[in-house]
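Colleague: I am attaching a structure below and will ask some questions about it afterwards.
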Amino acid sequence: MFPLTRPRRLRRSEALRELVRETRVVPSDLVYPLFVVPGKGVRREIAAMPGSYHLSVDELLAEAGAARDDGIRSLLLFGIPERKDERGTEAWDDSAAVQTAVRALKDRHPELIVFTDVCLCEYTSHGHCGIVENGHVLNDPTLELLARAALSHARAGADIVAPSDMMDGRVARIREALDGDGRHEVAILSYAAKYASAFYGPFREAAGSTPQFGDRRGYQMDPGNSDEALLEVGLDLEEGADIVMVKPALAYLDVIRRVKDEFRVPVAAYNVSGEYSMLQAAASRGWIDRERAMLEVLTSIKRAGADVILTYHAREAARLLA
Ligand code: PBG
């Protein structure tokens with residue numbers, strides 16, 4: 001007790017603070033999400049996400065190389081299709097943007113870990129994450145399509161497939177499809193506790209995936225629940241998930257901590273588009289210090305228990321942390 005105990009003694013210099021720092025974010029914690037579009041020579045800034053781009057495969061290779069030079073080791077790919085339809089058929093088209101990008105990345109930058117987002121909402125005309133009938137998203141028939149998409153990513157060379165749809169049973173179905181094709185080494189990161197969140201707004205503009213009717217509350221989780229997050233994570237682990245994710249990150253730091261404490265498995269957290277764009281917007285007005293706020297946010301997510309952080313700030317953060 002004071003005056004014997006004076007916590008300020010260890011805060012007197014940066015050297016002392018570093019000596020006793022409990023949580024350190026390092027570039028290898030970060031996964032850098034990228035949006036792949038059809039075409040050539042495309043590098044178009046996403047209006048709602050300043051600093052993020054729609055990239056054609058050639059431009060994506062350049063961005064991946066630059067990110068690697070900044071210290072990034074992992075990328076997550078989202079695909080924007082040429083054409084959308086009711087079932088999202090381009091999601092499992094071997095020659096679509098994501099599959100082409102994965103093959104090119106594995107060829108040019110084999111040292112990078114390639115994650116692919118597995119979902120239908122970017123590919124369906126109605127913008128929902130599964131097959132729609134009478135205004136409802138059907139669970140079991142959707143599983144087959146997700147498995148096809150995941151397998152097509154794996155065949156292109158993806159290291160980790162990441163289903164983000166929130167259908168029940170999808171991890172088991174995807175694991176079965178991968179193993180049935182001899183792809184035992186391909187890992188699954190499941191978006192296990194994914195909440196129906198307002199913070200995906202900018203992403204939906206980037207992916208053109210805003211639902212054309214209704215919303216995603218019939219499959220994504222209610223923000224009030226955290227016991228249910230443990231149920232979701234437990235199920236996904238039983239079904240064969242290798243890494244489980246909580247999404248979004250900042251409004252759900254308590255959920256990240258509960259998941260880590262309960263299961264002691266690799267936990268990921270997604271610092272989503274709305275979290276990113278809020279920070280960019282406030283900083284562009286001079287209201288907050290962008291670099292400090294960004295590192296503070298990433299540190300808080302890691303301190304909460306995340307081993308892996310998906311963030312659009314990845315490149316810049318990696319440079320600052322180097
Ligand atoms: C697709 C998907 C979404 C995000 C990742 N995968 C959007 C959604 O569920 O509407 C959000 C990513 C972000 O906001 O950064 N299902």
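Labeling convention for the structure tokens: chains A, B, ... as they appear, residues from 1 per chain, ligands from 1 in order of appearance.
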Contacts of Leu235 in chain A at 12 Å or less, counting only C-alpha atoms, minus same-chain residues fewer than 6 places along, as a list in words?
Modeller: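 The neighbour list is Met166, Met167, Asp168, Gly169, Arg170, Val171, Ala172, Ser190, Tyr191, Ala192, Ala193, Glu228, Ala229, Ala241, Val244 and Phe263 of chain A.
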Colleague: Would you save the residues of that selection, restricted to N, CA and C atoms, as an mmCIF file, in the first residue's frame?
Modeller:
data_model
loop_
_atom_site.group_PDB
_atom_site.id
_atom_site.type_symbol
_atom_site.label_atom_id
_atom_site.label_comp_id
_atom_site.auth_asym_id
_atom_site.auth_seq_id
_atom_site.Cartn_x
_atom_site.Cartn_y
_atom_site.Cartn_z
ATOM 1 N N MET A 166 -22.761 -18.124 -40.931
ATOM 2 C CA MET A 166 -23.538 -18.416 -39.714
ATOM 3 C C MET A 166 -24.683 -19.415 -39.911
ATOM 4 N N MET A 167 -24.589 -20.280 -40.928
ATOM 5 C CA MET A 167 -25.540 -21.399 -41.006
ATOM 6 C C MET A 167 -25.115 -22.440 -39.967
ATOM 7 N N ASP A 168 -26.085 -23.157 -39.407
ATOM 8 C CA ASP A 168 -25.757 -24.229 -38.459
ATOM 9 C C ASP A 168 -25.186 -25.422 -39.213
ATOM 10 N N GLY A 169 -24.125 -25.993 -38.699
ATOM 11 C CA GLY A 169 -23.587 -27.228 -39.266
ATOM 12 C C GLY A 169 -22.636 -27.036 -40.431
ATOM 13 N N ARG A 170 -22.300 -25.791 -40.737
ATOM 14 C CA ARG A 170 -21.481 -25.615 -41.956
ATOM 15 C C ARG A 170 -20.055 -26.067 -41.771
ATOM 16 N N VAL A 171 -19.517 -25.967 -40.560
ATOM 17 C CA VAL A 171 -18.128 -26.375 -40.379
ATOM 18 C C VAL A 171 -17.977 -27.875 -40.644
ATOM 19 N N ALA A 172 -18.911 -28.661 -40.104
ATOM 20 C CA ALA A 172 -18.853 -30.111 -40.313
ATOM 21 C C ALA A 172 -18.964 -30.460 -41.801
ATOM 22 N N SER A 190 -13.507 -20.571 -38.352
ATOM 23 C CA SER A 190 -14.938 -20.312 -38.442
ATOM 24 C C SER A 190 -15.266 -18.970 -37.801
ATOM 25 N N TYR A 191 -16.100 -18.207 -38.507
ATOM 26 C CA TYR A 191 -16.674 -17.008 -37.904
ATOM 27 C C TYR A 191 -17.726 -17.568 -36.942
ATOM 28 N N ALA A 192 -17.276 -17.964 -35.743
ATOM 29 C CA ALA A 192 -18.127 -18.766 -34.865
ATOM 30 C C ALA A 192 -19.168 -17.911 -34.161
ATOM 31 N N ALA A 193 -18.715 -16.806 -33.569
ATOM 32 C CA ALA A 193 -19.644 -15.888 -32.895
ATOM 33 C C ALA A 193 -19.665 -14.602 -33.696
ATOM 34 N N GLU A 228 -24.512 -17.579 -25.527
ATOM 35 C CA GLU A 228 -24.768 -18.194 -26.831
ATOM 36 C C GLU A 228 -23.497 -18.229 -27.690
ATOM 37 N N ALA A 229 -22.605 -17.267 -27.483
ATOM 38 C CA ALA A 229 -21.340 -17.279 -28.224
ATOM 39 C C ALA A 229 -20.541 -18.524 -27.844
ATOM 40 N N ALA A 241 -13.554 -26.999 -36.382
ATOM 41 C CA ALA A 241 -12.906 -25.699 -36.606
ATOM 42 C C ALA A 241 -11.530 -25.693 -35.948
ATOM 43 N N VAL A 244 -11.315 -20.201 -34.015
ATOM 44 C CA VAL A 244 -12.681 -19.666 -33.905
ATOM 45 C C VAL A 244 -12.614 -18.149 -33.792
ATOM 46 N N PHE A 263 -12.207 -21.986 -23.753
ATOM 47 C CA PHE A 263 -11.791 -23.044 -24.680
ATOM 48 C C PHE A 263 -10.287 -23.195 -24.879
#
Colleague: Pick out the residues no farther than 10 Å from ligand 1, counting only C-alpha atoms and all ligand atoms, and list them as a PDB file with N, CA, C and O atoms, in the first residue's frame.
Modeller:
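Once everything was written out, this is out_29.pdb:
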ATOM      1  N   PRO A  33      -7.212  -8.129 -44.813  1.00  0.00           N
ATOM      2  CA  PRO A  33      -8.302  -8.459 -45.742  1.00  0.00           C
ATOM      3  C   PRO A  33      -8.211  -7.634 -47.036  1.00  0.00           C
ATOM      4  O   PRO A  33      -7.953  -6.436 -46.996  1.00  0.00           O
ATOM      5  N   MET A  49     -14.469   3.128 -47.149  1.00  0.00           N
ATOM      6  CA  MET A  49     -13.317   2.589 -46.408  1.00  0.00           C
ATOM      7  C   MET A  49     -12.024   3.211 -46.941  1.00  0.00           C
ATOM      8  O   MET A  49     -11.226   2.532 -47.599  1.00  0.00           O
ATOM      9  N   LEU A  77      -8.966 -13.119 -48.425  1.00  0.00           N
ATOM     10  CA  LEU A  77      -9.544 -12.634 -49.684  1.00  0.00           C
ATOM     11  C   LEU A  77     -11.067 -12.694 -49.686  1.00  0.00           C
ATOM     12  O   LEU A  77     -11.671 -13.690 -49.290  1.00  0.00           O
ATOM     13  N   PHE A  78     -11.661 -11.595 -50.166  1.00  0.00           N
ATOM     14  CA  PHE A  78     -13.089 -11.525 -50.475  1.00  0.00           C
ATOM     15  C   PHE A  78     -13.204 -11.342 -51.978  1.00  0.00           C
ATOM     16  O   PHE A  78     -12.437 -10.576 -52.558  1.00  0.00           O
ATOM     17  N   ASP A 117     -12.516 -15.972 -47.490  1.00  0.00           N
ATOM     18  CA  ASP A 117     -13.834 -15.864 -46.866  1.00  0.00           C
ATOM     19  C   ASP A 117     -14.803 -16.732 -47.674  1.00  0.00           C
ATOM     20  O   ASP A 117     -14.878 -16.619 -48.896  1.00  0.00           O
ATOM     21  N   VAL A 118     -15.501 -17.611 -46.961  1.00  0.00           N
ATOM     22  CA  VAL A 118     -16.471 -18.480 -47.632  1.00  0.00           C
ATOM     23  C   VAL A 118     -17.871 -18.001 -47.255  1.00  0.00           C
ATOM     24  O   VAL A 118     -18.284 -18.121 -46.105  1.00  0.00           O
ATOM     25  N   CYS A 119     -18.571 -17.416 -48.233  1.00  0.00           N
ATOM     26  CA  CYS A 119     -19.941 -16.973 -47.987  1.00  0.00           C
ATOM     27  C   CYS A 119     -20.613 -16.763 -49.333  1.00  0.00           C
ATOM     28  O   CYS A 119     -19.959 -16.776 -50.368  1.00  0.00           O
ATOM     29  N   LEU A 120     -21.912 -16.594 -49.304  1.00  0.00           N
ATOM     30  CA  LEU A 120     -22.631 -16.409 -50.565  1.00  0.00           C
ATOM     31  C   LEU A 120     -23.109 -14.975 -50.759  1.00  0.00           C
ATOM     32  O   LEU A 120     -23.478 -14.588 -51.860  1.00  0.00           O
ATOM     33  N   CYS A 121     -23.088 -14.154 -49.693  1.00  0.00           N
ATOM     34  CA  CYS A 121     -23.774 -12.850 -49.787  1.00  0.00           C
ATOM     35  C   CYS A 121     -23.173 -11.922 -50.836  1.00  0.00           C
ATOM     36  O   CYS A 121     -23.882 -11.108 -51.420  1.00  0.00           O
ATOM     37  N   GLU A 122     -21.873 -12.034 -51.109  1.00  0.00           N
ATOM     38  CA  GLU A 122     -21.297 -11.194 -52.167  1.00  0.00           C
ATOM     39  C   GLU A 122     -21.749 -11.686 -53.546  1.00  0.00           C
ATOM     40  O   GLU A 122     -21.637 -10.961 -54.521  1.00  0.00           O
ATOM     41  N   GLY A 127     -28.433 -10.736 -51.825  1.00  0.00           N
ATOM     42  CA  GLY A 127     -27.502 -10.282 -50.786  1.00  0.00           C
ATOM     43  C   GLY A 127     -27.548 -11.063 -49.487  1.00  0.00           C
ATOM     44  O   GLY A 127     -26.897 -10.680 -48.512  1.00  0.00           O
ATOM     45  N   HIS A 128     -28.292 -12.175 -49.440  1.00  0.00           N
ATOM     46  CA  HIS A 128     -28.287 -12.992 -48.225  1.00  0.00           C
ATOM     47  C   HIS A 128     -27.210 -14.075 -48.330  1.00  0.00           C
ATOM     48  O   HIS A 128     -26.699 -14.364 -49.407  1.00  0.00           O
ATOM     49  N   CYS A 129     -26.907 -14.676 -47.172  1.00  0.00           N
ATOM     50  CA  CYS A 129     -25.774 -15.601 -47.085  1.00  0.00           C
ATOM     51  C   CYS A 129     -26.161 -17.040 -47.401  1.00  0.00           C
ATOM     52  O   CYS A 129     -25.418 -17.972 -47.063  1.00  0.00           O
ATOM     53  N   GLY A 130     -27.336 -17.242 -47.994  1.00  0.00           N
ATOM     54  CA  GLY A 130     -27.746 -18.603 -48.312  1.00  0.00           C
ATOM     55  C   GLY A 130     -28.893 -18.594 -49.301  1.00  0.00           C
ATOM     56  O   GLY A 130     -29.293 -17.535 -49.796  1.00  0.00           O
ATOM     57  N   ALA A 162     -12.535 -19.736 -44.473  1.00  0.00           N
ATOM     58  CA  ALA A 162     -13.167 -19.036 -43.350  1.00  0.00           C
ATOM     59  C   ALA A 162     -14.643 -18.784 -43.621  1.00  0.00           C
ATOM     60  O   ALA A 162     -15.018 -17.763 -44.207  1.00  0.00           O
ATOM     61  N   PRO A 163     -15.508 -19.731 -43.212  1.00  0.00           N
ATOM     62  CA  PRO A 163     -16.941 -19.546 -43.439  1.00  0.00           C
ATOM     63  C   PRO A 163     -17.517 -18.443 -42.540  1.00  0.00           C
ATOM     64  O   PRO A 163     -17.342 -18.461 -41.323  1.00  0.00           O
ATOM     65  N   SER A 164     -18.226 -17.481 -43.176  1.00  0.00           N
ATOM     66  CA  SER A 164     -18.728 -16.318 -42.430  1.00  0.00           C
ATOM     67  C   SER A 164     -20.247 -16.200 -42.496  1.00  0.00           C
ATOM     68  O   SER A 164     -20.807 -15.164 -42.175  1.00  0.00           O
ATOM     69  N   ASP A 165     -20.910 -17.294 -42.881  1.00  0.00           N
ATOM     70  CA  ASP A 165     -22.348 -17.246 -43.186  1.00  0.00           C
ATOM     71  C   ASP A 165     -23.264 -17.421 -41.978  1.00  0.00           C
ATOM     72  O   ASP A 165     -24.418 -17.024 -42.008  1.00  0.00           O
ATOM     73  N   MET A 166     -22.761 -18.124 -40.931  1.00  0.00           N
ATOM     74  CA  MET A 166     -23.538 -18.416 -39.714  1.00  0.00           C
ATOM     75  C   MET A 166     -24.683 -19.415 -39.911  1.00  0.00           C
ATOM     76  O   MET A 166     -25.651 -19.426 -39.133  1.00  0.00           O
ATOM     77  N   TYR A 191     -16.100 -18.207 -38.507  1.00  0.00           N
ATOM     78  CA  TYR A 191     -16.674 -17.008 -37.904  1.00  0.00           C
ATOM     79  C   TYR A 191     -17.726 -17.568 -36.942  1.00  0.00           C
ATOM     80  O   TYR A 191     -18.885 -17.712 -37.284  1.00  0.00           O
ATOM     81  N   LYS A 194     -20.521 -14.606 -34.705  1.00  0.00           N
ATOM     82  CA  LYS A 194     -20.640 -13.436 -35.577  1.00  0.00           C
ATOM     83  C   LYS A 194     -21.976 -12.775 -35.289  1.00  0.00           C
ATOM     84  O   LYS A 194     -23.032 -13.386 -35.431  1.00  0.00           O
ATOM     85  N   TYR A 195     -21.899 -11.530 -34.879  1.00  0.00           N
ATOM     86  CA  TYR A 195     -23.096 -10.811 -34.434  1.00  0.00           C
ATOM     87  C   TYR A 195     -23.752 -10.040 -35.577  1.00  0.00           C
ATOM     88  O   TYR A 195     -23.068  -9.592 -36.510  1.00  0.00           O
ATOM     89  N   ALA A 196     -25.061  -9.861 -35.473  1.00  0.00           N
ATOM     90  CA  ALA A 196     -25.814  -9.020 -36.413  1.00  0.00           C
ATOM     91  C   ALA A 196     -25.492  -7.575 -36.034  1.00  0.00           C
ATOM     92  O   ALA A 196     -26.070  -7.013 -35.113  1.00  0.00           O
ATOM     93  N   SER A 197     -24.522  -6.991 -36.723  1.00  0.00           N
ATOM     94  CA  SER A 197     -23.913  -5.739 -36.270  1.00  0.00           C
ATOM     95  C   SER A 197     -24.085  -4.612 -37.272  1.00  0.00           C
ATOM     96  O   SER A 197     -24.018  -4.821 -38.485  1.00  0.00           O
ATOM     97  N   ALA A 198     -24.241  -3.396 -36.750  1.00  0.00           N
ATOM     98  CA  ALA A 198     -24.275  -2.206 -37.598  1.00  0.00           C
ATOM     99  C   ALA A 198     -22.882  -1.849 -38.113  1.00  0.00           C
ATOM    100  O   ALA A 198     -22.749  -1.044 -39.030  1.00  0.00           O
ATOM    101  N   PHE A 199     -21.862  -2.458 -37.533  1.00  0.00           N
ATOM    102  CA  PHE A 199     -20.488  -2.098 -37.900  1.00  0.00           C
ATOM    103  C   PHE A 199     -20.002  -2.744 -39.201  1.00  0.00           C
ATOM    104  O   PHE A 199     -18.839  -2.604 -39.559  1.00  0.00           O
ATOM    105  N   TYR A 200     -20.873  -3.508 -39.888  1.00  0.00           N
ATOM    106  CA  TYR A 200     -20.488  -4.059 -41.191  1.00  0.00           C
ATOM    107  C   TYR A 200     -20.871  -3.127 -42.341  1.00  0.00           C
ATOM    108  O   TYR A 200     -20.653  -3.473 -43.510  1.00  0.00           O
ATOM    109  N   GLY A 201     -21.470  -1.972 -42.025  1.00  0.00           N
ATOM    110  CA  GLY A 201     -21.981  -1.077 -43.061  1.00  0.00           C
ATOM    111  C   GLY A 201     -21.011  -0.791 -44.202  1.00  0.00           C
ATOM    112  O   GLY A 201     -21.343  -1.023 -45.367  1.00  0.00           O
ATOM    113  N   PRO A 202     -19.799  -0.315 -43.911  1.00  0.00           N
ATOM    114  CA  PRO A 202     -18.873   0.011 -45.007  1.00  0.00           C
ATOM    115  C   PRO A 202     -18.510  -1.213 -45.839  1.00  0.00           C
ATOM    116  O   PRO A 202     -18.372  -1.121 -47.055  1.00  0.00           O
ATOM    117  N   PHE A 203     -18.369  -2.371 -45.212  1.00  0.00           N
ATOM    118  CA  PHE A 203     -18.046  -3.601 -45.947  1.00  0.00           C
ATOM    119  C   PHE A 203     -19.136  -3.924 -46.966  1.00  0.00           C
ATOM    120  O   PHE A 203     -18.853  -4.332 -48.090  1.00  0.00           O
ATOM    121  N   ARG A 204     -20.379  -3.744 -46.550  1.00  0.00           N
ATOM    122  CA  ARG A 204     -21.465  -4.103 -47.472  1.00  0.00           C
ATOM    123  C   ARG A 204     -21.454  -3.204 -48.680  1.00  0.00           C
ATOM    124  O   ARG A 204     -21.824  -3.613 -49.773  1.00  0.00           O
ATOM    125  N   GLU A 205     -20.998  -1.968 -48.490  1.00  0.00           N
ATOM    126  CA  GLU A 205     -20.818  -1.108 -49.657  1.00  0.00           C
ATOM    127  C   GLU A 205     -19.659  -1.639 -50.513  1.00  0.00           C
ATOM    128  O   GLU A 205     -19.765  -1.726 -51.739  1.00  0.00           O
ATOM    129  N   ALA A 206     -18.588  -2.048 -49.851  1.00  0.00           N
ATOM    130  CA  ALA A 206     -17.413  -2.569 -50.576  1.00  0.00           C
ATOM    131  C   ALA A 206     -17.750  -3.841 -51.338  1.00  0.00           C
ATOM    132  O   ALA A 206     -17.271  -4.064 -52.442  1.00  0.00           O
ATOM    133  N   ALA A 207     -18.580  -4.695 -50.747  1.00  0.00           N
ATOM    134  CA  ALA A 207     -18.872  -5.994 -51.349  1.00  0.00           C
ATOM    135  C   ALA A 207     -20.191  -5.994 -52.115  1.00  0.00           C
ATOM    136  O   ALA A 207     -20.546  -6.988 -52.730  1.00  0.00           O
ATOM    137  N   GLY A 208     -20.894  -4.882 -52.069  1.00  0.00           N
ATOM    138  CA  GLY A 208     -22.206  -4.829 -52.718  1.00  0.00           C
ATOM    139  C   GLY A 208     -23.099  -5.926 -52.166  1.00  0.00           C
ATOM    140  O   GLY A 208     -23.839  -6.571 -52.897  1.00  0.00           O
ATOM    141  N   SER A 209     -23.038  -6.153 -50.854  1.00  0.00           N
ATOM    142  CA  SER A 209     -23.735  -7.309 -50.276  1.00  0.00           C
ATOM    143  C   SER A 209     -24.819  -6.912 -49.274  1.00  0.00           C
ATOM    144  O   SER A 209     -25.166  -7.698 -48.395  1.00  0.00           O
ATOM    145  N   THR A 210     -25.332  -5.691 -49.387  1.00  0.00           N
ATOM    146  CA  THR A 210     -26.433  -5.295 -48.513  1.00  0.00           C
ATOM    147  C   THR A 210     -27.657  -6.129 -48.877  1.00  0.00           C
ATOM    148  O   THR A 210     -28.021  -6.204 -50.053  1.00  0.00           O
ATOM    149  N   PRO A 211     -28.301  -6.777 -47.883  1.00  0.00           N
ATOM    150  CA  PRO A 211     -29.482  -7.582 -48.206  1.00  0.00           C
ATOM    151  C   PRO A 211     -30.546  -6.735 -48.906  1.00  0.00           C
ATOM    152  O   PRO A 211     -30.791  -5.599 -48.497  1.00  0.00           O
ATOM    153  N   ASP A 215     -32.971  -8.376 -43.040  1.00  0.00           N
ATOM    154  CA  ASP A 215     -31.623  -8.195 -42.490  1.00  0.00           C
ATOM    155  C   ASP A 215     -31.071  -9.569 -42.141  1.00  0.00           C
ATOM    156  O   ASP A 215     -31.653 -10.583 -42.505  1.00  0.00           O
ATOM    157  N   ARG A 216     -29.929  -9.599 -41.435  1.00  0.00           N
ATOM    158  CA  ARG A 216     -29.280 -10.887 -41.173  1.00  0.00           C
ATOM    159  C   ARG A 216     -29.550 -11.412 -39.764  1.00  0.00           C
ATOM    160  O   ARG A 216     -28.877 -12.320 -39.288  1.00  0.00           O
ATOM    161  N   TYR A 219     -29.904 -15.163 -38.838  1.00  0.00           N
ATOM    162  CA  TYR A 219     -28.792 -16.124 -38.760  1.00  0.00           C
ATOM    163  C   TYR A 219     -27.591 -15.597 -37.972  1.00  0.00           C
ATOM    164  O   TYR A 219     -26.905 -16.365 -37.329  1.00  0.00           O
ATOM    165  N   GLN A 220     -27.354 -14.282 -37.991  1.00  0.00           N
ATOM    166  CA  GLN A 220     -26.257 -13.768 -37.165  1.00  0.00           C
ATOM    167  C   GLN A 220     -26.756 -13.556 -35.725  1.00  0.00           C
ATOM    168  O   GLN A 220     -27.953 -13.454 -35.471  1.00  0.00           O
ATOM    169  N   LYS A 247     -16.684 -11.705 -33.909  1.00  0.00           N
ATOM    170  CA  LYS A 247     -16.799 -10.595 -34.850  1.00  0.00           C
ATOM    171  C   LYS A 247     -18.092  -9.838 -34.587  1.00  0.00           C
ATOM    172  O   LYS A 247     -19.129 -10.473 -34.438  1.00  0.00           O
ATOM    173  N   PRO A 248     -18.068  -8.490 -34.558  1.00  0.00           N
ATOM    174  CA  PRO A 248     -16.907  -7.589 -34.561  1.00  0.00           C
ATOM    175  C   PRO A 248     -16.036  -7.761 -33.311  1.00  0.00           C
ATOM    176  O   PRO A 248     -16.337  -8.582 -32.447  1.00  0.00           O
ATOM    177  N   TYR A 270     -12.240 -10.023 -35.480  1.00  0.00           N
ATOM    178  CA  TYR A 270     -12.301  -9.212 -36.691  1.00  0.00           C
ATOM    179  C   TYR A 270     -12.584  -7.755 -36.331  1.00  0.00           C
ATOM    180  O   TYR A 270     -13.657  -7.415 -35.863  1.00  0.00           O
ATOM    181  N   ASN A 271     -11.570  -6.936 -36.536  1.00  0.00           N
ATOM    182  CA  ASN A 271     -11.667  -5.476 -36.378  1.00  0.00           C
ATOM    183  C   ASN A 271     -12.346  -4.966 -37.668  1.00  0.00           C
ATOM    184  O   ASN A 271     -11.695  -4.649 -38.649  1.00  0.00           O
ATOM    185  N   VAL A 272     -13.682  -4.921 -37.644  1.00  0.00           N
ATOM    186  CA  VAL A 272     -14.454  -4.840 -38.893  1.00  0.00           C
ATOM    187  C   VAL A 272     -14.450  -3.460 -39.543  1.00  0.00           C
ATOM    188  O   VAL A 272     -13.958  -2.477 -38.970  1.00  0.00           O
ATOM    189  N   SER A 273     -15.079  -3.414 -40.708  1.00  0.00           N
ATOM    190  CA  SER A 273     -15.059  -2.210 -41.544  1.00  0.00           C
ATOM    191  C   SER A 273     -15.556  -0.968 -40.818  1.00  0.00           C
ATOM    192  O   SER A 273     -14.969   0.106 -40.946  1.00  0.00           O
ATOM    193  N   GLY A 274     -16.637  -1.092 -40.042  1.00  0.00           N
ATOM    194  CA  GLY A 274     -17.168   0.083 -39.353  1.00  0.00           C
ATOM    195  C   GLY A 274     -16.196   0.614 -38.304  1.00  0.00           C
ATOM    196  O   GLY A 274     -16.051   1.827 -38.116  1.00  0.00           O
ATOM    197  N   GLU A 275     -15.512  -0.307 -37.641  1.00  0.00           N
ATOM    198  CA  GLU A 275     -14.510   0.093 -36.645  1.00  0.00           C
ATOM    199  C   GLU A 275     -13.355   0.825 -37.336  1.00  0.00           C
ATOM    200  O   GLU A 275     -12.840   1.823 -36.827  1.00  0.00           O
ATOM    201  N   TYR A 276     -12.972   0.300 -38.478  1.00  0.00           N
ATOM    202  CA  TYR A 276     -11.896   0.904 -39.268  1.00  0.00           C
ATOM    203  C   TYR A 276     -12.292   2.290 -39.769  1.00  0.00           C
ATOM    204  O   TYR A 276     -11.574   3.272 -39.571  1.00  0.00           O
ATOM    205  N   SER A 277     -13.469   2.358 -40.388  1.00  0.00           N
ATOM    206  CA  SER A 277     -13.866   3.623 -41.022  1.00  0.00           C
ATOM    207  C   SER A 277     -14.158   4.721 -39.992  1.00  0.00           C
ATOM    208  O   SER A 277     -13.908   5.896 -40.261  1.00  0.00           O
ATOM    209  N   LEU A 310      -7.866  -9.765 -37.528  1.00  0.00           N
ATOM    210  CA  LEU A 310      -8.116  -9.390 -38.918  1.00  0.00           C
ATOM    211  C   LEU A 310      -8.388  -7.893 -38.933  1.00  0.00           C
ATOM    212  O   LEU A 310      -9.296  -7.422 -38.232  1.00  0.00           O
ATOM    213  N   THR A 311      -7.579  -7.144 -39.691  1.00  0.00           N
ATOM    214  CA  THR A 311      -7.743  -5.694 -39.669  1.00  0.00           C
ATOM    215  C   THR A 311      -7.301  -5.038 -40.970  1.00  0.00           C
ATOM    216  O   THR A 311      -6.273  -5.418 -41.544  1.00  0.00           O
ATOM    217  N   TYR A 312      -8.098  -4.056 -41.391  1.00  0.00           N
ATOM    218  CA  TYR A 312      -7.743  -3.281 -42.584  1.00  0.00           C
ATOM    219  C   TYR A 312      -6.557  -2.359 -42.310  1.00  0.00           C
ATOM    220  O   TYR A 312      -5.991  -1.795 -43.226  1.00  0.00           O
TER     221      TYR A 312
END
Colleague: Give me, as a ChimeraX atom specification, all polymer residues having an atom no more than 12 Å from range 290-293 of chain A, counting only C-alpha atoms and skipping those fewer than 4 positions away in the same chain.
Modeller: /A:275-286,297-300,313-321
Colleague: Could you pull out the strand (DSSP E) residues of range 24-222 of chain A, going by DSSP on the backbone, and write them as a VMD selection string?
Modeller: chain A and resid 30 to 36 43 to 45 53 to 55 74 to 79 113 to 118 131 to 133 136 to 138 160 to 163 187 to 194
Colleague: What lies within 10 Å of Arg155 in chain A using only C-alpha atoms, ignoring chain neighbours under 5 positions off, as a list in words?
Modeller: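 Those residues are Asp94, Gln99, Val102, Arg103, Ala149, Ala150, Leu178, Asp181, Arg183 and Val186 of chain A.
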Colleague: Since we have the selection now, will you write its residues out, keeping C-alpha atoms, as a compact mmCIF listing (two decimals), in the first residue's frame?
Modeller:
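The result, written out as part.txt:
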# COMPACT_ATOMS: atom_id res chain seq x y z
CA ASP A 94 -12.90 -22.21 -60.29
CA GLN A 99 -9.85 -18.67 -57.06
CA VAL A 102 -5.34 -17.65 -54.74
CA ARG A 103 -3.55 -19.52 -57.52
CA ALA A 149 -17.21 -22.79 -52.45
CA ALA A 150 -14.78 -23.89 -49.73
CA LEU A 178 -12.32 -31.04 -47.74
CA ASP A 181 -11.10 -34.55 -51.50
CA ARG A 183 -7.45 -31.93 -48.30
CA VAL A 186 -6.52 -27.20 -45.23
Colleague: I need the residue nearest Ile188 in chain A from this list: A:Met221, A:Leu146, A:Ile243, A:Leu230. Use only C-alpha atoms for the distance.
Modeller: A:Ile243
Colleague: Got a sec: who's within 12 Å of Glu59 in chain A, counting only C-alpha atoms, leaving out chain neighbours fewer than 3 positions off, as a list in words?
Modeller: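 In the requested format, the answer is Leu34, Phe35, Val36, Val37, Pro38, Gly39, Lys40, Gly41, Val42, Arg43, Arg44, Tyr53, His54, Leu55, Ser56, Ala62, Glu63, Ala64, Gly65, Ala66, Ala101, Ala104 and Leu105 of chain A.
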Colleague: Could you give me, as number ranges by chain, each residue of range 81-158 of chain A that DSSP assigns to helix (DSSP H, G or I) when run on this structure's backbone?
Modeller: A: 89-92, 97-108, 139-156
Colleague: Give me, as an MDAnalysis selection string, all polymer residues having an atom no more than 9 Å from Ala322 in chain A, counting only C-alpha atoms and skipping those fewer than 5 positions away in the same chain.
Modeller: chainID A and resid 26:27 70:71 317
Colleague: Pick out the closest residue to Asp227 in chain A from this set: A:Ala304, A:Val259, A:Ala15, A:Leu250. Count only C-alpha atoms.
Modeller: A:Val259
